[in-house]
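Engineer: Data: model28.cif, mmCIF, C-alpha atoms and all ligand atoms.
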data_run
#
loop_
_atom_site.label_atom_id
_atom_site.label_comp_id
_atom_site.auth_asym_id
_atom_site.auth_seq_id
_atom_site.Cartn_x
_atom_site.Cartn_y
_atom_site.Cartn_z
CA MET U 6 33.58 15.07 -25.76
CA GLY U 7 30.45 13.34 -24.58
CA ALA U 8 29.62 15.99 -22.08
CA ALA U 9 29.82 18.62 -24.78
CA SER U 10 26.72 17.26 -26.47
CA VAL U 11 24.60 17.67 -23.35
CA PRO U 12 22.45 20.76 -23.45
CA ARG U 13 23.87 23.01 -20.77
CA GLU U 14 21.80 26.13 -21.13
CA THR U 15 20.69 27.56 -17.85
CA THR U 16 17.10 28.18 -18.90
CA PRO U 17 15.09 26.64 -16.09
CA ASP U 18 12.27 24.26 -16.92
CA ARG U 19 9.02 26.17 -16.55
CA PRO U 20 7.54 25.51 -13.13
CA ASP U 21 3.92 25.44 -14.28
CA GLY U 22 1.89 22.61 -15.82
CA PRO U 23 1.52 21.22 -19.34
CA SER U 24 2.95 22.85 -22.42
CA VAL U 25 1.57 25.84 -24.23
CA ALA U 26 -0.64 24.87 -27.17
CA SER U 27 1.24 24.63 -30.42
CA ASP U 28 -1.03 27.05 -32.26
CA VAL U 29 -0.17 29.68 -29.70
CA LEU U 30 3.50 28.91 -29.94
CA ARG U 31 3.79 29.08 -33.70
CA PRO U 32 2.93 32.76 -34.21
CA MET U 33 4.93 33.73 -31.13
CA SER U 34 8.09 31.93 -32.16
CA GLU U 35 7.77 32.96 -35.79
CA SER U 36 7.37 36.64 -35.06
CA LEU U 37 10.25 36.58 -32.60
CA THR U 38 12.48 34.75 -35.02
CA GLU U 39 11.56 37.26 -37.72
CA SER U 40 12.21 40.28 -35.52
CA ILE U 41 15.65 38.97 -34.67
CA SER U 42 16.60 38.03 -38.19
CA ASP U 43 15.38 41.43 -39.39
CA GLY U 44 17.86 42.98 -37.04
CA GLU U 45 15.10 44.75 -35.14
CA SER U 46 15.59 45.17 -31.45
CA GLY U 47 13.20 42.27 -30.71
CA VAL U 48 13.23 41.03 -27.14
CA TRP U 49 14.70 37.56 -26.92
CA THR U 50 13.74 36.08 -23.59
CA PRO U 51 14.33 32.58 -22.24
CA ILE U 52 10.62 31.86 -22.60
CA ALA U 53 10.63 33.00 -26.22
CA GLU U 54 13.63 30.81 -26.88
CA GLU U 55 11.94 27.86 -25.28
CA ALA U 56 8.81 28.53 -27.34
CA ALA U 57 10.86 28.53 -30.52
CA GLN U 58 12.50 25.29 -29.48
CA ALA U 59 9.09 23.78 -28.74
CA MET U 60 8.11 24.58 -32.30
CA GLN U 61 11.08 22.63 -33.57
CA VAL U 62 10.07 19.63 -31.55
CA LEU U 63 6.40 19.81 -32.47
CA HIS U 64 6.49 20.82 -36.11
CA ALA U 65 7.84 18.22 -38.37
CA ASP U 66 7.75 20.28 -41.57
CA SER U 67 11.39 21.21 -41.67
CA LEU U 68 12.59 18.35 -39.55
CA SER U 69 11.03 15.15 -40.73
CA LEU U 70 13.23 12.19 -39.99
CA PRO U 71 14.33 9.64 -42.59
CA LYS U 72 12.69 6.25 -42.79
CA PRO U 73 14.94 3.30 -41.99
CA ALA U 74 16.33 1.26 -44.84
CA ARG U 75 14.41 -1.65 -43.30
CA ARG U 76 11.88 -1.84 -40.50
CA ARG U 77 13.71 -1.75 -37.16
CA VAL U 78 12.64 -3.67 -34.09
CA LEU U 79 14.50 -2.51 -30.97
CA THR U 80 14.31 -4.05 -27.55
CA VAL U 81 14.94 -1.55 -24.78
CA ALA U 82 16.58 -3.62 -22.07
CA ASN U 83 18.58 -3.33 -18.88
CA GLN U 84 17.77 -5.52 -15.92
CA LYS U 85 18.77 -2.70 -13.63
CA GLY U 86 15.63 -0.90 -12.50
CA GLY U 87 14.92 2.77 -13.04
CA VAL U 88 17.63 3.50 -15.61
CA GLY U 89 15.29 5.12 -18.12
CA LYS U 90 14.14 2.17 -20.25
CA THR U 91 10.51 3.21 -20.38
CA THR U 92 11.24 6.93 -20.55
CA SER U 93 13.60 6.35 -23.46
CA ALA U 94 11.28 3.94 -25.29
CA VAL U 95 8.27 6.25 -25.19
CA ASN U 96 10.08 9.51 -25.83
CA LEU U 97 12.17 8.19 -28.71
CA ALA U 98 9.01 6.64 -30.14
CA ALA U 99 7.10 9.90 -29.78
CA ALA U 100 9.92 11.91 -31.36
CA LEU U 101 10.09 9.60 -34.38
CA ALA U 102 6.28 9.58 -34.69
CA LEU U 103 6.00 13.37 -34.47
CA HIS U 104 8.51 13.59 -37.29
CA GLY U 105 6.72 11.45 -39.78
CA LEU U 106 7.57 7.85 -38.93
CA LYS U 107 5.11 5.17 -37.90
CA VAL U 108 6.06 3.72 -34.55
CA LEU U 109 4.75 0.85 -32.45
CA VAL U 110 5.60 0.55 -28.77
CA ILE U 111 5.10 -2.83 -27.14
CA ASP U 112 4.76 -2.56 -23.40
CA LEU U 113 6.25 -5.77 -22.04
CA ASP U 114 6.41 -4.66 -18.41
CA PRO U 115 3.55 -5.54 -16.05
CA GLN U 116 4.02 -2.10 -14.46
CA GLY U 117 2.47 -0.71 -17.65
CA ASN U 118 4.52 2.49 -17.47
CA ALA U 119 4.95 2.82 -21.22
CA SER U 120 1.19 2.52 -21.70
CA THR U 121 0.69 5.24 -19.07
CA ALA U 122 3.15 7.62 -20.70
CA LEU U 123 1.50 7.12 -24.08
CA GLY U 124 -1.93 7.82 -22.61
CA VAL U 125 -3.16 4.32 -23.46
CA GLU U 126 -5.65 2.52 -21.21
CA HIS U 127 -4.09 -0.46 -19.49
CA ARG U 128 -6.40 -1.31 -16.66
CA GLY U 129 -9.08 -3.93 -16.36
CA ASP U 130 -9.86 -6.10 -19.33
CA VAL U 131 -8.36 -4.05 -22.14
CA PRO U 132 -6.80 -6.25 -24.83
CA SER U 133 -3.11 -6.38 -23.99
CA ILE U 134 0.21 -8.02 -24.68
CA TYR U 135 -0.66 -10.69 -22.12
CA GLU U 136 -3.39 -12.24 -24.30
CA VAL U 137 -1.08 -11.89 -27.29
CA LEU U 138 1.67 -13.89 -25.57
CA LEU U 139 -0.80 -16.55 -24.54
CA GLY U 140 -1.84 -16.85 -28.18
CA ASP U 141 -5.43 -15.79 -27.48
CA LEU U 142 -5.27 -12.56 -29.45
CA SER U 143 -3.55 -11.21 -32.53
CA ILE U 144 -1.33 -8.23 -31.90
CA ARG U 145 -3.51 -6.35 -34.42
CA ASP U 146 -6.44 -6.59 -32.00
CA ALA U 147 -4.46 -5.31 -29.02
CA ILE U 148 -3.08 -2.14 -30.63
CA ALA U 149 -4.23 1.25 -29.39
CA VAL U 150 -3.38 4.61 -30.95
CA SER U 151 -1.71 7.11 -28.63
CA ASP U 152 -3.53 10.42 -28.31
CA GLN U 153 -0.14 12.12 -28.79
CA SER U 154 0.28 11.26 -32.45
CA GLY U 155 -1.71 9.43 -35.09
CA ASN U 156 1.55 7.71 -36.02
CA LEU U 157 2.18 6.34 -32.54
CA TYR U 158 0.74 2.96 -31.57
CA CYS U 159 0.98 0.97 -28.38
CA VAL U 160 0.20 -2.56 -27.30
CA PRO U 161 -0.49 -2.02 -23.60
CA ALA U 162 0.50 -4.19 -20.67
CA THR U 163 -1.98 -4.90 -17.90
CA ILE U 164 -1.19 -6.26 -14.48
CA ASP U 165 -2.14 -9.73 -15.83
CA LEU U 166 1.31 -9.80 -17.37
CA ALA U 167 2.82 -10.11 -13.88
CA GLY U 168 1.97 -13.82 -13.76
CA SER U 169 3.15 -14.54 -17.27
CA GLU U 170 6.82 -15.16 -16.42
CA ILE U 171 5.62 -18.25 -14.56
CA GLU U 172 2.83 -19.17 -17.00
CA LEU U 173 5.23 -19.04 -19.92
CA VAL U 174 7.60 -21.56 -18.33
CA SER U 175 5.38 -24.52 -19.18
CA MET U 176 4.39 -23.31 -22.64
CA ALA U 177 5.68 -24.52 -25.97
CA GLN U 178 8.07 -22.11 -27.70
CA ARG U 179 8.17 -20.09 -24.52
CA GLU U 180 11.05 -17.88 -25.66
CA SER U 181 9.63 -17.02 -29.06
CA ARG U 182 5.99 -16.26 -28.41
CA LEU U 183 6.42 -12.52 -29.04
CA LYS U 184 8.41 -13.23 -32.19
CA GLU U 185 5.55 -15.37 -33.47
CA ALA U 186 3.03 -12.67 -32.63
CA LEU U 187 5.21 -10.15 -34.52
CA SER U 188 5.39 -12.29 -37.65
CA PRO U 189 6.47 -10.60 -40.88
CA GLU U 190 2.89 -10.83 -42.18
CA VAL U 191 1.46 -9.06 -39.14
CA LEU U 192 4.22 -6.43 -39.22
CA ASP U 193 3.66 -5.84 -42.92
CA GLU U 194 0.01 -5.24 -42.19
CA ILE U 195 0.66 -2.79 -39.36
CA ALA U 196 3.61 -1.38 -41.31
CA PRO U 197 5.54 0.41 -38.56
CA ASP U 198 8.93 1.92 -39.40
CA TYR U 199 10.07 1.37 -35.82
CA VAL U 200 9.02 -1.04 -33.08
CA PHE U 201 10.25 -0.43 -29.51
CA ILE U 202 9.78 -3.16 -26.94
CA ASP U 203 9.89 -1.88 -23.37
CA CYS U 204 11.29 -4.58 -21.08
CA PRO U 205 10.78 -5.08 -17.35
CA PRO U 206 13.80 -4.79 -15.04
CA SER U 207 14.70 -8.47 -15.15
CA LEU U 208 16.37 -10.98 -17.40
CA GLY U 209 13.42 -13.35 -17.22
CA LEU U 210 11.31 -14.84 -19.97
CA LEU U 211 9.63 -11.57 -20.92
CA THR U 212 12.99 -9.94 -21.67
CA VAL U 213 14.15 -13.08 -23.49
CA ASN U 214 10.97 -12.94 -25.61
CA ALA U 215 11.76 -9.31 -26.42
CA MET U 216 15.33 -10.19 -27.44
CA VAL U 217 14.18 -13.04 -29.63
CA ALA U 218 11.60 -10.84 -31.37
CA ALA U 219 14.01 -7.97 -32.10
CA GLN U 220 17.03 -7.36 -34.32
CA GLU U 221 18.54 -4.74 -32.05
CA VAL U 222 18.99 -4.04 -28.37
CA LEU U 223 18.98 -0.48 -27.11
CA ILE U 224 20.55 -0.25 -23.65
CA PRO U 225 19.87 2.86 -21.59
CA ILE U 226 22.62 3.51 -19.07
CA GLN U 227 22.11 5.91 -16.23
CA CYS U 228 25.03 8.29 -15.64
CA GLU U 229 25.29 7.26 -12.00
CA TYR U 230 27.39 5.21 -9.68
CA TYR U 231 26.72 1.47 -10.13
CA ALA U 232 25.51 2.23 -13.64
CA LEU U 233 27.81 -0.36 -15.14
CA GLU U 234 27.06 -2.95 -12.54
CA GLY U 235 25.11 -5.80 -14.05
CA LEU U 236 25.98 -4.73 -17.58
CA GLY U 237 28.24 -7.76 -17.97
CA GLN U 238 25.37 -10.01 -17.03
CA LEU U 239 23.08 -8.27 -19.52
CA LEU U 240 25.65 -8.61 -22.31
CA GLY U 241 26.16 -12.26 -21.34
CA ASN U 242 22.45 -12.90 -21.70
CA ILE U 243 22.37 -11.16 -25.05
CA GLU U 244 25.21 -13.45 -26.18
CA LEU U 245 23.25 -16.49 -25.04
CA VAL U 246 20.23 -15.35 -27.02
CA GLN U 247 22.46 -14.70 -30.04
CA ALA U 248 24.01 -18.16 -29.74
CA HIS U 249 20.83 -20.15 -29.27
CA LEU U 250 17.74 -18.23 -30.27
CA ASN U 251 18.40 -15.16 -32.41
CA PRO U 252 21.73 -15.00 -34.25
CA GLY U 253 20.72 -11.72 -35.90
CA LEU U 254 20.53 -9.82 -32.61
CA SER U 255 23.00 -7.02 -31.93
CA VAL U 256 23.51 -4.27 -29.37
CA SER U 257 23.08 -1.40 -31.80
CA THR U 258 22.47 1.52 -29.49
CA ILE U 259 23.48 2.72 -26.05
CA LEU U 260 21.85 5.82 -24.65
CA LEU U 261 23.24 7.64 -21.64
CA THR U 262 20.42 8.94 -19.46
CA MET U 263 19.82 11.16 -16.44
CA TYR U 264 23.08 13.03 -16.90
CA ASP U 265 23.71 15.56 -14.18
CA GLY U 266 26.37 18.00 -15.30
CA ARG U 267 27.03 19.10 -11.72
CA THR U 268 28.69 15.81 -10.85
CA LYS U 269 32.12 14.62 -11.89
CA LEU U 270 30.80 11.13 -11.66
CA ALA U 271 28.46 11.65 -14.60
CA ASP U 272 31.43 12.55 -16.81
CA GLN U 273 33.40 9.56 -15.54
CA VAL U 274 30.56 7.17 -16.36
CA THR U 275 30.12 8.80 -19.76
CA LYS U 276 33.81 8.41 -20.55
CA GLU U 277 33.94 4.84 -19.37
CA VAL U 278 30.92 3.84 -21.44
CA ARG U 279 32.25 5.59 -24.55
CA ASP U 280 35.71 4.04 -24.13
CA HIS U 281 34.18 0.63 -23.85
CA PHE U 282 31.38 0.76 -26.42
CA GLY U 283 32.60 3.37 -28.91
CA ASP U 284 30.22 4.37 -31.67
CA VAL U 285 27.37 2.26 -30.38
CA VAL U 286 26.85 5.03 -27.81
CA LEU U 287 24.69 7.86 -29.13
CA ARG U 288 26.37 11.28 -29.10
CA THR U 289 23.30 12.77 -27.48
CA ILE U 290 23.08 12.36 -23.73
CA ILE U 291 19.76 12.75 -21.95
CA PRO U 292 20.06 15.23 -19.08
CA ARG U 293 18.33 14.77 -15.77
CA SER U 294 15.26 16.97 -16.05
CA VAL U 295 12.25 17.48 -13.84
CA LYS U 296 9.99 17.80 -16.88
CA VAL U 297 10.93 14.32 -18.05
CA SER U 298 9.94 12.84 -14.71
CA GLU U 299 6.72 14.87 -14.46
CA ALA U 300 5.36 13.98 -17.89
CA PRO U 301 4.09 10.42 -17.16
CA GLY U 302 1.99 11.83 -14.31
CA PHE U 303 -0.01 13.61 -17.02
CA GLY U 304 -0.23 10.50 -19.18
CA GLN U 305 2.21 12.10 -21.62
CA THR U 306 5.66 11.86 -23.10
CA VAL U 307 7.86 14.86 -22.40
CA LEU U 308 7.51 15.80 -26.08
CA ALA U 309 3.81 16.38 -25.53
CA TYR U 310 4.08 17.67 -21.99
CA ASP U 311 6.77 20.29 -22.52
CA PRO U 312 8.15 20.24 -26.04
CA GLY U 313 10.50 23.17 -25.42
CA SER U 314 12.19 21.58 -22.42
CA ARG U 315 15.75 20.29 -22.47
CA GLY U 316 14.47 16.77 -21.97
CA ALA U 317 12.19 16.91 -25.01
CA ARG U 318 14.91 18.42 -27.19
CA SER U 319 17.46 15.84 -26.19
CA TYR U 320 15.10 12.97 -26.89
CA LEU U 321 14.44 14.51 -30.32
CA ASP U 322 18.20 14.74 -30.90
CA ALA U 323 18.67 11.11 -29.86
CA ALA U 324 15.78 10.05 -32.11
CA ARG U 325 17.36 11.92 -35.01
CA GLU U 326 20.64 10.08 -34.49
CA ILE U 327 18.81 6.77 -34.40
CA ALA U 328 16.85 7.65 -37.55
CA GLU U 329 19.98 8.76 -39.40
CA ARG U 330 21.74 5.53 -38.52
CA GLY U 331 18.65 3.61 -39.59
CA ALA U 332 18.48 5.38 -42.94
CA LYS U 333 22.06 4.23 -43.59
CA GLY U 334 21.06 0.70 -42.69
CA GLN U 335 23.26 0.70 -39.60
CA GLY U 336 22.49 -1.51 -36.65
CA GLN U 337 20.35 -3.79 -38.74
CA GLY U 338 22.53 -6.83 -38.97
P1 LIG U 401 11.92 0.08 -14.52
O1 LIG U 401 13.15 -0.72 -14.41
O2 LIG U 401 11.17 0.20 -13.22
O3 LIG U 401 11.05 -0.31 -15.66
P2 LIG U 401 12.96 2.13 -16.19
O4 LIG U 401 14.33 1.62 -16.48
O5 LIG U 401 11.92 1.93 -17.23
O6 LIG U 401 12.43 1.59 -14.79
P3 LIG U 401 12.07 4.82 -16.07
O7 LIG U 401 10.75 4.40 -15.50
O8 LIG U 401 12.10 5.28 -17.46
O9 LIG U 401 13.12 3.67 -15.86
O10 LIG U 401 12.74 5.94 -15.17
C1 LIG U 401 12.87 5.78 -13.77
C2 LIG U 401 12.44 7.07 -13.07
O11 LIG U 401 13.33 8.11 -13.43
C3 LIG U 401 11.06 7.52 -13.47
O12 LIG U 401 10.44 8.12 -12.37
C4 LIG U 401 11.32 8.56 -14.55
O13 LIG U 401 10.30 9.51 -14.63
C5 LIG U 401 12.62 9.16 -14.06
N1 LIG U 401 13.45 9.65 -15.17
C6 LIG U 401 13.79 8.98 -16.29
N2 LIG U 401 14.57 9.72 -17.09
C7 LIG U 401 14.72 10.91 -16.44
C8 LIG U 401 15.43 12.11 -16.74
N3 LIG U 401 16.12 12.26 -17.87
N4 LIG U 401 15.37 13.11 -15.84
C9 LIG U 401 14.67 12.98 -14.68
N5 LIG U 401 13.99 11.89 -14.35
C10 LIG U 401 14.01 10.86 -15.20
MG MG U 402 10.21 0.71 -17.17
#
Go ahead and render the structure in this file as structure tokens.
Ligand code: ATP
Ligand code: MG
Structural biologist:
Amino acid sequence: MGAASVPRETTPDRPDGPSVASDVLRPMSESLTESISDGESGVWTPIAEEAAQAMQVLHADSLSLPKPARRRVLTVANQKGGVGKTTSAVNLAAALALHGLKVLVIDLDPQGNASTALGVEHRGDVPSIYEVLLGDLSIRDAIAVSDQSGNLYCVPATIDLAGSEIELVSMAQRESRLKEALSPEVLDEIAPDYVFIDCPPSLGLLTVNAMVAAQEVLIPIQCEYYALEGLGQLLGNIELVQAHLNPGLSVSTILLTMYDGRTKLADQVTKEVRDHFGDVVLRTIIPRSVKVSEAPGFGQTVLAYDPGSRGARSYLDAAREIAERGAKGQGQG
């Protein structure tokens, strides 16, 4: 059943660069849609279809997503590297922001990949999450607005953060420094509907800080061999945090990523994860897509880079599921 929700159309991702401007797409998709609905013999080509789909992704009018019953703070964690944590954090955030919600992404990985994908400066001396964790800066003063949406904010990570795992060890309240920085007063002032915290691929103090500051954990799982390896350790750590530091924490969301429909293995992993985690797993599965992997090279999310691509549409679908659950108050303790 899982595999059925993966887009399987054969339309290839366009080989050329960034997406067509939305003002060009709108008239094109509208006139094509009209000609088809009028029953005229309009030509419906794969490119026209993709353009129409891009309009759905980009234009919130008919598709705005519901606000959560309460503000949601989600930590995107998996100590396994390269499973799609950053890609999922930024693309889900962008999808929610493009559809009317205010979203803050906290880049908690010294690699700064989330900052890159959101087009936010993270080199040199820019105010970053590092100074926030040290207590030298309020999170308000480290926030940058992404050029991809006025609703999308990011606290960048600079390379300085690389030393912080060690620096934090000797600090007071070392596990709850992010939680303190994200106090209810500060959050009320910034007023995001969603906060996504992008974790590094480790279970060190940065990830612990993220789990203490959040109510929910979102675990991306790659549909590949070894995908489930290490998951027990991750869940064990989450239980430790629940027991000692944050009783309100729950694994609310699992997102299957990089699904390759050509392999049997992908379906096996999907089935295994669904059997084990049930409804926590989103119905939407993110397919492996070249456009998704190209987007960060342009300092963009795939929603900005190629809104009509399968990758962009599946992240929008996943974001919609998350928003619908949030509106019902699910996953919020
Ligand atoms: P790290 O553990 O290093 O932080 P991560 O878990 O954040 O990694 P990503 O950086 O999101 O993982 O993804 C790893 C690589 O896979 C990146 O090059 C990314 O562009 C690519 N990638 C992610 N999702 C997809 C996808 N759906 N299709 C194709 N490539 C993808
Ligand atoms: Mg990452």
Engineer: Assuming 6 Å of padding per side, give the centre and edge lengths of the axis-aligned box around every listed atom of stretch 274-293 of chain U, in Å to one decimal and as JSON.
Structural biologist:
{"center_x": 27.0, "center_y": 7.9, "center_z": -23.7, "size_x": 29.4, "size_y": 26.6, "size_z": 27.9}
Engineer: Taking all atoms listed in the file into account, name the residue in U:Leu113, U:Ala309, U:Val150, U:Ile259 that is nearest to U:Ala162.
Structural biologist: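 Comparing U:Leu113, U:Ala309, U:Val150, U:Ile259 against U:Ala162, the winner is U:Leu113.
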Engineer: Counting all atoms listed in the file, which residues of chain U fall within 8 Å of ligand MG 402 (chain U), and what is the closest atom pair for each with its distance in Å at one decimal, ordered by chain and rising number, as CSV?
Structural biologist:
residue,atom,partner,partner_atom,distance
U:Gly86,CA,U:MG402,MG,7.3
U:Gly87,CA,U:MG402,MG,6.6
U:Gly89,CA,U:MG402,MG,6.8
U:Lys90,CA,U:MG402,MG,5.2
U:Thr91,CA,U:MG402,MG,4.1
U:Thr92,CA,U:MG402,MG,7.2
U:Asp114,CA,U:MG402,MG,6.7
U:Gln116,CA,U:MG402,MG,7.3
U:Gly117,CA,U:MG402,MG,7.9
U:Asn118,CA,U:MG402,MG,6.0
U:Ala119,CA,U:MG402,MG,7.0
U:Asp203,CA,U:MG402,MG,6.7
U:Cys204,CA,U:MG402,MG,6.7
U:Pro205,CA,U:MG402,MG,5.8
U:Pro206,CA,U:MG402,MG,6.9
Engineer: Nearest to U:Leu254: which of U:Glu136, U:Glu221, U:Glu229, U:Glu299 is it, counting all atoms listed in the file?
Structural biologist: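 Once distances to U:Leu254 are computed over all atoms listed in the file, the minimum belongs to U:Glu221.
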Engineer: Could you check which of U:Met216, U:Gln305, U:Arg267, U:Ser93 is closest to U:Ile243, using all atoms listed in the file?
Structural biologist: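 Among the listed residues, the smallest separation from U:Ile243 belongs to U:Met216.
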